[in-house]
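**Student:** Provided herewith: protein-v9.cif, mmCIF, N, CA and C atoms.
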data_my_file
loop_
_atom_site.label_atom_id
_atom_site.label_comp_id
_atom_site.auth_asym_id
_atom_site.auth_seq_id
_atom_site.Cartn_x
_atom_site.Cartn_y
_atom_site.Cartn_z
N MET A 1 -19.52 4.48 -49.58
CA MET A 1 -19.00 3.13 -49.64
C MET A 1 -18.09 2.91 -48.44
N GLY A 2 -17.81 1.68 -48.19
CA GLY A 2 -16.95 1.33 -47.09
C GLY A 2 -17.56 0.19 -46.30
N TYR A 3 -16.90 -0.19 -45.26
CA TYR A 3 -17.31 -1.32 -44.43
C TYR A 3 -17.62 -0.78 -43.03
N THR A 4 -18.88 -0.64 -42.73
CA THR A 4 -19.32 -0.08 -41.45
C THR A 4 -19.06 -1.07 -40.32
N VAL A 5 -18.60 -0.55 -39.18
CA VAL A 5 -18.31 -1.37 -38.02
C VAL A 5 -18.97 -0.79 -36.77
N ILE A 6 -19.22 -1.70 -35.83
CA ILE A 6 -19.75 -1.31 -34.52
C ILE A 6 -18.79 -1.84 -33.46
N PRO A 7 -17.92 -0.99 -32.94
CA PRO A 7 -17.00 -1.41 -31.88
C PRO A 7 -17.69 -1.34 -30.51
N SER A 8 -17.21 -2.17 -29.61
CA SER A 8 -17.65 -2.10 -28.22
C SER A 8 -16.55 -2.70 -27.36
N GLY A 9 -16.52 -2.32 -26.12
CA GLY A 9 -15.53 -2.90 -25.22
C GLY A 9 -14.92 -1.88 -24.30
N ARG A 10 -14.00 -2.36 -23.50
CA ARG A 10 -13.40 -1.53 -22.45
C ARG A 10 -11.96 -1.97 -22.24
N LEU A 11 -11.08 -0.98 -22.14
CA LEU A 11 -9.66 -1.25 -21.89
C LEU A 11 -9.18 -0.51 -20.66
N ASN A 12 -8.33 -1.19 -19.89
CA ASN A 12 -7.64 -0.52 -18.81
C ASN A 12 -6.39 0.10 -19.43
N LEU A 13 -6.45 1.41 -19.61
CA LEU A 13 -5.36 2.18 -20.17
C LEU A 13 -5.25 3.42 -19.28
N PRO A 14 -4.32 3.38 -18.33
CA PRO A 14 -4.26 4.44 -17.32
C PRO A 14 -4.30 5.84 -17.92
N GLU A 15 -5.02 6.70 -17.23
CA GLU A 15 -5.16 8.08 -17.68
C GLU A 15 -3.79 8.74 -17.79
N SER A 16 -2.85 8.34 -16.94
CA SER A 16 -1.50 8.90 -16.98
C SER A 16 -0.76 8.52 -18.26
N GLU A 17 -1.23 7.50 -18.97
CA GLU A 17 -0.60 7.04 -20.22
C GLU A 17 -1.32 7.57 -21.46
N ASP A 18 -2.41 8.31 -21.27
CA ASP A 18 -3.25 8.73 -22.39
C ASP A 18 -2.48 9.59 -23.40
N ALA A 19 -1.73 10.56 -22.93
CA ALA A 19 -1.00 11.45 -23.85
C ALA A 19 0.02 10.66 -24.67
N ALA A 20 0.73 9.74 -24.03
CA ALA A 20 1.72 8.93 -24.75
C ALA A 20 1.02 8.01 -25.76
N ALA A 21 -0.11 7.43 -25.38
CA ALA A 21 -0.87 6.57 -26.29
C ALA A 21 -1.38 7.39 -27.48
N ALA A 22 -1.89 8.58 -27.21
CA ALA A 22 -2.37 9.45 -28.30
C ALA A 22 -1.23 9.81 -29.24
N ALA A 23 -0.06 10.11 -28.71
CA ALA A 23 1.10 10.43 -29.55
C ALA A 23 1.49 9.22 -30.40
N ALA A 24 1.42 8.02 -29.83
CA ALA A 24 1.74 6.80 -30.59
C ALA A 24 0.73 6.59 -31.72
N VAL A 25 -0.54 6.87 -31.44
CA VAL A 25 -1.57 6.76 -32.48
C VAL A 25 -1.29 7.76 -33.59
N GLN A 26 -0.99 9.00 -33.22
CA GLN A 26 -0.72 10.03 -34.23
C GLN A 26 0.48 9.65 -35.09
N ALA A 27 1.53 9.11 -34.47
CA ALA A 27 2.71 8.68 -35.22
C ALA A 27 2.36 7.52 -36.15
N ALA A 28 1.56 6.58 -35.67
CA ALA A 28 1.17 5.44 -36.51
C ALA A 28 0.33 5.90 -37.70
N LEU A 29 -0.57 6.84 -37.46
CA LEU A 29 -1.41 7.35 -38.55
C LEU A 29 -0.58 8.14 -39.54
N ALA A 30 0.34 8.95 -39.05
CA ALA A 30 1.20 9.73 -39.95
C ALA A 30 2.07 8.80 -40.80
N GLY A 31 2.51 7.71 -40.20
CA GLY A 31 3.33 6.74 -40.92
C GLY A 31 2.58 6.02 -42.03
N ARG A 32 1.26 6.00 -41.94
CA ARG A 32 0.44 5.36 -42.96
C ARG A 32 0.17 6.30 -44.12
N GLY A 33 0.42 7.61 -43.92
CA GLY A 33 0.18 8.57 -44.99
C GLY A 33 -1.30 8.70 -45.27
N GLU A 34 -1.67 8.58 -46.51
CA GLU A 34 -3.05 8.67 -46.96
C GLU A 34 -3.68 9.99 -46.51
N TRP A 35 -4.83 9.97 -45.90
CA TRP A 35 -5.57 11.20 -45.60
C TRP A 35 -5.15 11.88 -44.31
N TYR A 36 -4.43 11.21 -43.43
CA TYR A 36 -4.17 11.76 -42.11
C TYR A 36 -3.23 12.95 -42.15
N GLU A 37 -3.64 14.04 -41.51
CA GLU A 37 -2.80 15.24 -41.42
C GLU A 37 -2.53 15.54 -39.95
N PRO A 38 -1.31 15.26 -39.48
CA PRO A 38 -0.99 15.47 -38.07
C PRO A 38 -1.29 16.88 -37.58
N ALA A 39 -1.10 17.88 -38.43
CA ALA A 39 -1.34 19.26 -38.01
C ALA A 39 -2.81 19.52 -37.70
N ALA A 40 -3.71 18.69 -38.23
CA ALA A 40 -5.15 18.88 -37.99
C ALA A 40 -5.56 18.36 -36.61
N ALA A 41 -4.76 17.50 -36.00
CA ALA A 41 -5.08 16.96 -34.68
C ALA A 41 -4.60 17.92 -33.60
N PRO A 42 -5.34 18.03 -32.49
CA PRO A 42 -4.89 18.90 -31.41
C PRO A 42 -3.56 18.42 -30.84
N SER A 43 -2.66 19.35 -30.57
CA SER A 43 -1.34 18.97 -30.06
C SER A 43 -1.44 18.33 -28.68
N ASN A 44 -2.47 18.67 -27.93
CA ASN A 44 -2.68 18.06 -26.62
C ASN A 44 -3.76 16.99 -26.72
N GLY A 45 -3.83 16.33 -27.89
CA GLY A 45 -4.86 15.35 -28.16
C GLY A 45 -4.86 14.20 -27.19
N THR A 46 -6.03 13.65 -27.00
CA THR A 46 -6.20 12.47 -26.17
C THR A 46 -6.80 11.38 -27.05
N LEU A 47 -6.90 10.20 -26.52
CA LEU A 47 -7.52 9.12 -27.28
C LEU A 47 -8.97 9.47 -27.60
N VAL A 48 -9.64 10.18 -26.73
CA VAL A 48 -11.01 10.62 -27.00
C VAL A 48 -11.02 11.50 -28.25
N HIS A 49 -10.04 12.41 -28.39
CA HIS A 49 -9.94 13.27 -29.56
C HIS A 49 -9.64 12.50 -30.84
N LEU A 50 -9.03 11.33 -30.71
CA LEU A 50 -8.64 10.53 -31.87
C LEU A 50 -9.61 9.39 -32.16
N ALA A 51 -10.78 9.44 -31.56
CA ALA A 51 -11.76 8.35 -31.70
C ALA A 51 -12.14 8.08 -33.14
N GLU A 52 -12.16 9.10 -33.98
CA GLU A 52 -12.53 8.90 -35.38
C GLU A 52 -11.61 7.88 -36.05
N ALA A 53 -10.34 7.92 -35.71
CA ALA A 53 -9.39 6.96 -36.30
C ALA A 53 -9.73 5.53 -35.89
N ALA A 54 -10.29 5.36 -34.69
CA ALA A 54 -10.67 4.03 -34.20
C ALA A 54 -12.00 3.58 -34.77
N ARG A 55 -12.67 4.48 -35.50
CA ARG A 55 -14.00 4.23 -36.04
C ARG A 55 -14.96 3.90 -34.91
N ALA A 56 -14.80 4.64 -33.81
CA ALA A 56 -15.58 4.40 -32.60
C ALA A 56 -15.86 5.71 -31.89
N SER A 57 -16.73 5.63 -30.92
CA SER A 57 -16.80 6.70 -29.93
C SER A 57 -15.97 6.18 -28.76
N ILE A 58 -15.27 7.09 -28.11
CA ILE A 58 -14.43 6.71 -26.97
C ILE A 58 -14.77 7.63 -25.81
N ALA A 59 -14.96 7.03 -24.65
CA ALA A 59 -15.19 7.79 -23.41
C ALA A 59 -14.18 7.30 -22.38
N ARG A 60 -13.65 8.24 -21.62
CA ARG A 60 -12.72 7.87 -20.56
C ARG A 60 -13.46 7.86 -19.24
N ASP A 61 -13.20 6.80 -18.44
CA ASP A 61 -13.76 6.65 -17.11
C ASP A 61 -12.61 6.27 -16.18
N GLY A 62 -11.91 7.29 -15.67
CA GLY A 62 -10.72 7.04 -14.85
C GLY A 62 -9.64 6.38 -15.68
N ASP A 63 -9.19 5.21 -15.24
CA ASP A 63 -8.13 4.50 -15.96
C ASP A 63 -8.68 3.56 -17.04
N TRP A 64 -9.94 3.70 -17.36
CA TRP A 64 -10.58 2.86 -18.38
C TRP A 64 -11.01 3.72 -19.56
N ILE A 65 -10.89 3.15 -20.77
CA ILE A 65 -11.50 3.78 -21.94
C ILE A 65 -12.55 2.82 -22.48
N GLU A 66 -13.69 3.39 -22.85
CA GLU A 66 -14.81 2.59 -23.33
C GLU A 66 -15.08 2.93 -24.78
N PHE A 67 -15.27 1.89 -25.57
CA PHE A 67 -15.51 2.03 -27.00
C PHE A 67 -16.97 1.76 -27.30
N GLY A 68 -17.53 2.54 -28.22
CA GLY A 68 -18.90 2.35 -28.64
C GLY A 68 -19.05 2.74 -30.11
N TYR A 69 -20.27 2.62 -30.59
CA TYR A 69 -20.58 2.94 -31.98
C TYR A 69 -20.47 4.44 -32.21
N ASP A 70 -19.82 4.83 -33.28
CA ASP A 70 -19.65 6.24 -33.64
C ASP A 70 -20.86 6.68 -34.48
N ASP A 71 -21.93 7.09 -33.80
CA ASP A 71 -23.14 7.45 -34.53
C ASP A 71 -23.11 8.86 -35.09
N GLU A 72 -22.04 9.61 -34.82
CA GLU A 72 -21.93 10.96 -35.36
C GLU A 72 -20.87 11.07 -36.45
N GLY A 73 -20.07 10.05 -36.62
CA GLY A 73 -18.99 10.09 -37.61
C GLY A 73 -19.28 9.16 -38.78
N ASP A 74 -18.20 8.62 -39.33
CA ASP A 74 -18.30 7.72 -40.47
C ASP A 74 -17.55 6.44 -40.10
N PRO A 75 -18.20 5.53 -39.37
CA PRO A 75 -17.49 4.37 -38.81
C PRO A 75 -17.18 3.29 -39.83
N LYS A 76 -16.38 3.63 -40.82
CA LYS A 76 -15.96 2.68 -41.86
C LYS A 76 -14.54 2.21 -41.56
N TRP A 77 -14.34 0.90 -41.53
CA TRP A 77 -13.04 0.33 -41.18
C TRP A 77 -12.01 0.62 -42.26
N SER A 78 -10.76 0.69 -41.87
CA SER A 78 -9.65 0.88 -42.79
C SER A 78 -8.36 0.46 -42.08
N ASP A 79 -7.26 0.53 -42.80
CA ASP A 79 -5.96 0.27 -42.17
C ASP A 79 -5.67 1.27 -41.06
N ARG A 80 -6.23 2.47 -41.17
CA ARG A 80 -6.02 3.48 -40.13
C ARG A 80 -6.66 3.03 -38.82
N ALA A 81 -7.82 2.38 -38.89
CA ALA A 81 -8.45 1.86 -37.67
C ALA A 81 -7.56 0.78 -37.06
N THR A 82 -7.07 -0.12 -37.89
CA THR A 82 -6.16 -1.15 -37.39
C THR A 82 -4.94 -0.51 -36.74
N ALA A 83 -4.39 0.52 -37.37
CA ALA A 83 -3.22 1.21 -36.82
C ALA A 83 -3.51 1.78 -35.44
N PHE A 84 -4.70 2.33 -35.26
CA PHE A 84 -5.09 2.88 -33.95
C PHE A 84 -5.02 1.78 -32.89
N TYR A 85 -5.70 0.66 -33.14
CA TYR A 85 -5.78 -0.41 -32.14
C TYR A 85 -4.42 -1.04 -31.85
N VAL A 86 -3.56 -1.13 -32.85
CA VAL A 86 -2.21 -1.66 -32.64
C VAL A 86 -1.37 -0.66 -31.85
N ALA A 87 -1.48 0.62 -32.17
CA ALA A 87 -0.64 1.65 -31.53
C ALA A 87 -0.92 1.80 -30.04
N ILE A 88 -2.14 1.53 -29.61
CA ILE A 88 -2.43 1.70 -28.17
C ILE A 88 -2.02 0.49 -27.34
N ALA A 89 -1.68 -0.62 -27.97
CA ALA A 89 -1.37 -1.85 -27.25
C ALA A 89 -0.31 -1.69 -26.16
N PRO A 90 0.81 -1.00 -26.42
CA PRO A 90 1.83 -0.91 -25.36
C PRO A 90 1.35 -0.19 -24.10
N PHE A 91 0.26 0.54 -24.20
CA PHE A 91 -0.22 1.34 -23.08
C PHE A 91 -1.40 0.69 -22.36
N ALA A 92 -2.00 -0.32 -22.98
CA ALA A 92 -3.17 -0.99 -22.41
C ALA A 92 -2.72 -2.10 -21.47
N ARG A 93 -3.32 -2.13 -20.30
CA ARG A 93 -2.99 -3.17 -19.31
C ARG A 93 -3.84 -4.42 -19.54
N SER A 94 -5.11 -4.21 -19.86
CA SER A 94 -6.01 -5.34 -20.06
C SER A 94 -7.29 -4.85 -20.73
N GLY A 95 -8.06 -5.81 -21.24
CA GLY A 95 -9.36 -5.50 -21.81
C GLY A 95 -9.55 -6.08 -23.19
N ILE A 96 -10.75 -5.92 -23.70
CA ILE A 96 -11.13 -6.44 -25.01
C ILE A 96 -11.96 -5.41 -25.74
N VAL A 97 -11.68 -5.26 -27.04
CA VAL A 97 -12.52 -4.46 -27.93
C VAL A 97 -13.07 -5.41 -28.98
N GLN A 98 -14.41 -5.49 -29.05
CA GLN A 98 -15.06 -6.33 -30.05
C GLN A 98 -15.49 -5.44 -31.21
N ILE A 99 -15.39 -5.99 -32.41
CA ILE A 99 -15.80 -5.28 -33.62
C ILE A 99 -16.83 -6.15 -34.33
N GLU A 100 -17.95 -5.54 -34.69
CA GLU A 100 -18.94 -6.23 -35.51
C GLU A 100 -19.05 -5.50 -36.83
N GLY A 101 -18.85 -6.22 -37.92
CA GLY A 101 -18.92 -5.63 -39.25
C GLY A 101 -20.34 -5.62 -39.77
N GLU A 102 -20.56 -4.82 -40.80
CA GLU A 102 -21.89 -4.65 -41.38
C GLU A 102 -22.49 -5.95 -41.91
N ASP A 103 -21.63 -6.94 -42.20
CA ASP A 103 -22.10 -8.22 -42.72
C ASP A 103 -22.22 -9.28 -41.63
N GLY A 104 -22.07 -8.86 -40.36
CA GLY A 104 -22.18 -9.79 -39.25
C GLY A 104 -20.86 -10.39 -38.81
N ALA A 105 -19.77 -10.12 -39.54
CA ALA A 105 -18.45 -10.63 -39.13
C ALA A 105 -18.11 -10.05 -37.76
N ARG A 106 -17.46 -10.85 -36.95
CA ARG A 106 -17.07 -10.41 -35.61
C ARG A 106 -15.61 -10.80 -35.36
N TRP A 107 -14.86 -9.85 -34.85
CA TRP A 107 -13.50 -10.13 -34.41
C TRP A 107 -13.24 -9.24 -33.20
N SER A 108 -12.18 -9.55 -32.49
CA SER A 108 -11.88 -8.76 -31.30
C SER A 108 -10.38 -8.63 -31.11
N TYR A 109 -10.03 -7.62 -30.33
CA TYR A 109 -8.65 -7.40 -29.94
C TYR A 109 -8.59 -7.53 -28.42
N THR A 110 -7.76 -8.45 -27.96
CA THR A 110 -7.55 -8.64 -26.53
C THR A 110 -6.21 -8.01 -26.17
N TYR A 111 -6.23 -7.24 -25.12
CA TYR A 111 -5.03 -6.55 -24.65
C TYR A 111 -4.63 -7.10 -23.30
N ALA A 112 -3.35 -7.38 -23.14
CA ALA A 112 -2.81 -7.84 -21.86
C ALA A 112 -1.34 -7.45 -21.79
N ASP A 113 -1.00 -6.75 -20.75
CA ASP A 113 0.40 -6.39 -20.49
C ASP A 113 1.11 -5.79 -21.69
N GLY A 114 0.47 -4.87 -22.39
CA GLY A 114 1.10 -4.16 -23.50
C GLY A 114 1.10 -4.91 -24.82
N GLN A 115 0.41 -6.03 -24.89
CA GLN A 115 0.36 -6.83 -26.12
C GLN A 115 -1.07 -6.86 -26.66
N ILE A 116 -1.23 -7.08 -27.95
CA ILE A 116 -2.53 -7.20 -28.60
C ILE A 116 -2.60 -8.54 -29.31
N THR A 117 -3.76 -9.19 -29.19
CA THR A 117 -4.02 -10.44 -29.89
C THR A 117 -5.38 -10.33 -30.54
N GLN A 118 -5.46 -10.71 -31.80
CA GLN A 118 -6.74 -10.68 -32.51
C GLN A 118 -7.39 -12.06 -32.46
N GLN A 119 -8.69 -12.10 -32.18
CA GLN A 119 -9.47 -13.32 -32.28
C GLN A 119 -10.48 -13.13 -33.41
N GLY A 120 -10.58 -14.11 -34.28
CA GLY A 120 -11.54 -14.07 -35.36
C GLY A 120 -10.99 -13.43 -36.62
N TRP A 121 -11.80 -13.49 -37.68
CA TRP A 121 -11.44 -12.94 -38.98
C TRP A 121 -11.92 -11.51 -39.07
N ASN A 122 -11.03 -10.61 -39.44
CA ASN A 122 -11.40 -9.22 -39.69
C ASN A 122 -12.29 -9.22 -40.93
N GLY A 123 -13.52 -8.77 -40.76
CA GLY A 123 -14.47 -8.80 -41.86
C GLY A 123 -14.14 -7.85 -43.00
N TRP A 124 -13.30 -6.86 -42.74
CA TRP A 124 -12.94 -5.89 -43.78
C TRP A 124 -11.85 -6.43 -44.69
N ASP A 125 -10.79 -7.01 -44.10
CA ASP A 125 -9.67 -7.44 -44.94
C ASP A 125 -9.40 -8.95 -44.89
N GLY A 126 -10.19 -9.69 -44.11
CA GLY A 126 -10.04 -11.14 -44.07
C GLY A 126 -8.83 -11.65 -43.32
N SER A 127 -8.16 -10.78 -42.56
CA SER A 127 -6.96 -11.21 -41.84
C SER A 127 -7.33 -11.83 -40.49
N ILE A 128 -6.41 -12.64 -39.97
CA ILE A 128 -6.61 -13.25 -38.66
C ILE A 128 -5.64 -12.68 -37.63
N GLU A 129 -4.92 -11.63 -38.01
CA GLU A 129 -4.06 -10.88 -37.11
C GLU A 129 -3.95 -9.47 -37.65
N PRO A 130 -3.72 -8.48 -36.78
CA PRO A 130 -3.63 -7.10 -37.27
C PRO A 130 -2.59 -6.97 -38.37
N PHE A 131 -2.99 -6.37 -39.48
CA PHE A 131 -2.15 -6.17 -40.66
C PHE A 131 -1.67 -7.48 -41.27
N GLY A 132 -2.39 -8.56 -40.97
CA GLY A 132 -2.04 -9.85 -41.54
C GLY A 132 -2.57 -9.99 -42.95
N GLU A 133 -2.20 -11.07 -43.59
CA GLU A 133 -2.66 -11.34 -44.95
C GLU A 133 -4.04 -11.96 -44.91
N TYR A 134 -4.72 -11.88 -46.04
CA TYR A 134 -6.05 -12.47 -46.18
C TYR A 134 -5.98 -13.96 -45.88
N ALA A 135 -6.94 -14.44 -45.11
CA ALA A 135 -7.07 -15.88 -44.85
C ALA A 135 -8.55 -16.22 -44.98
N ASP A 136 -8.86 -17.23 -45.78
CA ASP A 136 -10.28 -17.58 -45.88
C ASP A 136 -10.70 -18.33 -44.62
N ARG A 137 -11.98 -18.53 -44.48
CA ARG A 137 -12.52 -19.12 -43.24
C ARG A 137 -12.07 -20.56 -43.02
N THR A 138 -11.50 -21.21 -44.04
CA THR A 138 -10.98 -22.56 -43.86
C THR A 138 -9.52 -22.53 -43.46
N GLY A 139 -8.93 -21.32 -43.46
CA GLY A 139 -7.55 -21.18 -43.00
C GLY A 139 -6.50 -21.14 -44.09
N SER A 140 -6.85 -21.37 -45.34
CA SER A 140 -5.83 -21.30 -46.39
C SER A 140 -5.65 -19.85 -46.85
N SER A 141 -4.45 -19.49 -47.20
CA SER A 141 -4.15 -18.11 -47.62
C SER A 141 -4.48 -17.89 -49.08
N GLN A 142 -4.82 -16.65 -49.39
CA GLN A 142 -5.07 -16.25 -50.77
C GLN A 142 -3.77 -15.73 -51.35
N SER A 143 -3.45 -16.04 -52.60
CA SER A 143 -2.22 -15.53 -53.18
C SER A 143 -2.46 -14.23 -53.86
#
Please rewrite the model in this file as structure tokens.

**Tutor:**
Amino acid sequence: MGYTVIPSGRLNLPESEDAAAAAAVQAALAGRGEWYEPAAAPSNGTLVHLAEAARASIARDGDWIEFGYDDEGDPKWSDRATAFYVAIAPFARSGIVQIEGEDGARWSYTYADGQITQQGWNGWDGSIEPFGEYADRTGSSQS
């Protein structure tokens, strides 16, 4: 069970910032509790090593990281995936990651100067911003 996603996109996140971004992701995941065990992650982890949390495959190409479909893992969206994308924002200079959900829902995260902005409705939780509350497609909130 779960909500399968297909991420794609490219971010300018300098290679020199990778270790700090990976540490921020690990801290964000540890702060969420649940299944994440910091001791299981490599101490010299990179964003490529943490790709499972993003529910993506990640490849580094110089100062760029590229996101793709995780065909070897279990690409099911969760709050941990949202935490990954939010945690890397301060390190990303520019770029967009698009997410397509199993039901055709599409949303994206745009990064600029260390900030993240979500476009569209997250098909998993119905939010219109990372960790936001459910919003239906007409814009009214659910109580």

**Student:** Do you know which residues are at most 6.5 Å from stretch 81-95 of chain A counting only N, CA and C atoms, after dropping those on the same chain fewer than 3 positions away, and could you put them as a VMD selection string?

**Tutor:** chain A and resid 10 to 14 17 21 24 to 25 28 to 29 53 to 55 77 to 78 109 to 116 130 to 131

**Student:** Can you measure atom N of A:Lys76 to atom C of A:Trp124 for me? One decimal in Å is fine.

**Tutor:** 11.7 Å

**Student:** Check stretch 36-122 of chain A with DSSP on the backbone and list each residue it calls strand (DSSP E), as a PyMOL selection string.

**Tutor:** chain A and resi 57-61+64-68+94-101+106-112+115-119

**Student:** Just checking: using all atoms listed in the file, which residue out of A:Asn122, A:Glu15, A:Pro7, A:Ala135 ends up closest to A:Trp64?

**Tutor:**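 Nearest candidate to A:Trp64 out of A:Asn122, A:Glu15, A:Pro7, A:Ala135: A:Glu15.
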
**Student:** Pick from A:Ser127, A:Gly62, A:Phe67, A:Ala56: nearest to A:Val97, with only N, CA and C atoms counted?

**Tutor:**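 Result for the nearest residue to A:Val97: A:Phe67.
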
**Student:** Rank A:His49, A:Arg32, A:Trp107, A:Gly9 by their smallest atom-to-atom distance to A:Asp79, using all atoms listed in the file, and report the top residue only.

**Tutor:** A:Arg32

**Student:** Could you check how far atom N of A:Glu52 sits from atom N of A:Gln98, in Å to one decimal?

**Tutor:**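 Taking atom N of A:Glu52 as the start and atom N of A:Gln98 as the end point, the length is 15.6 Å.
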
**Student:** In Å, with one decimal, what is the gap from atom CA of A:Asp18 to atom CA of A:Asp61?

**Tutor:** 11.9 Å
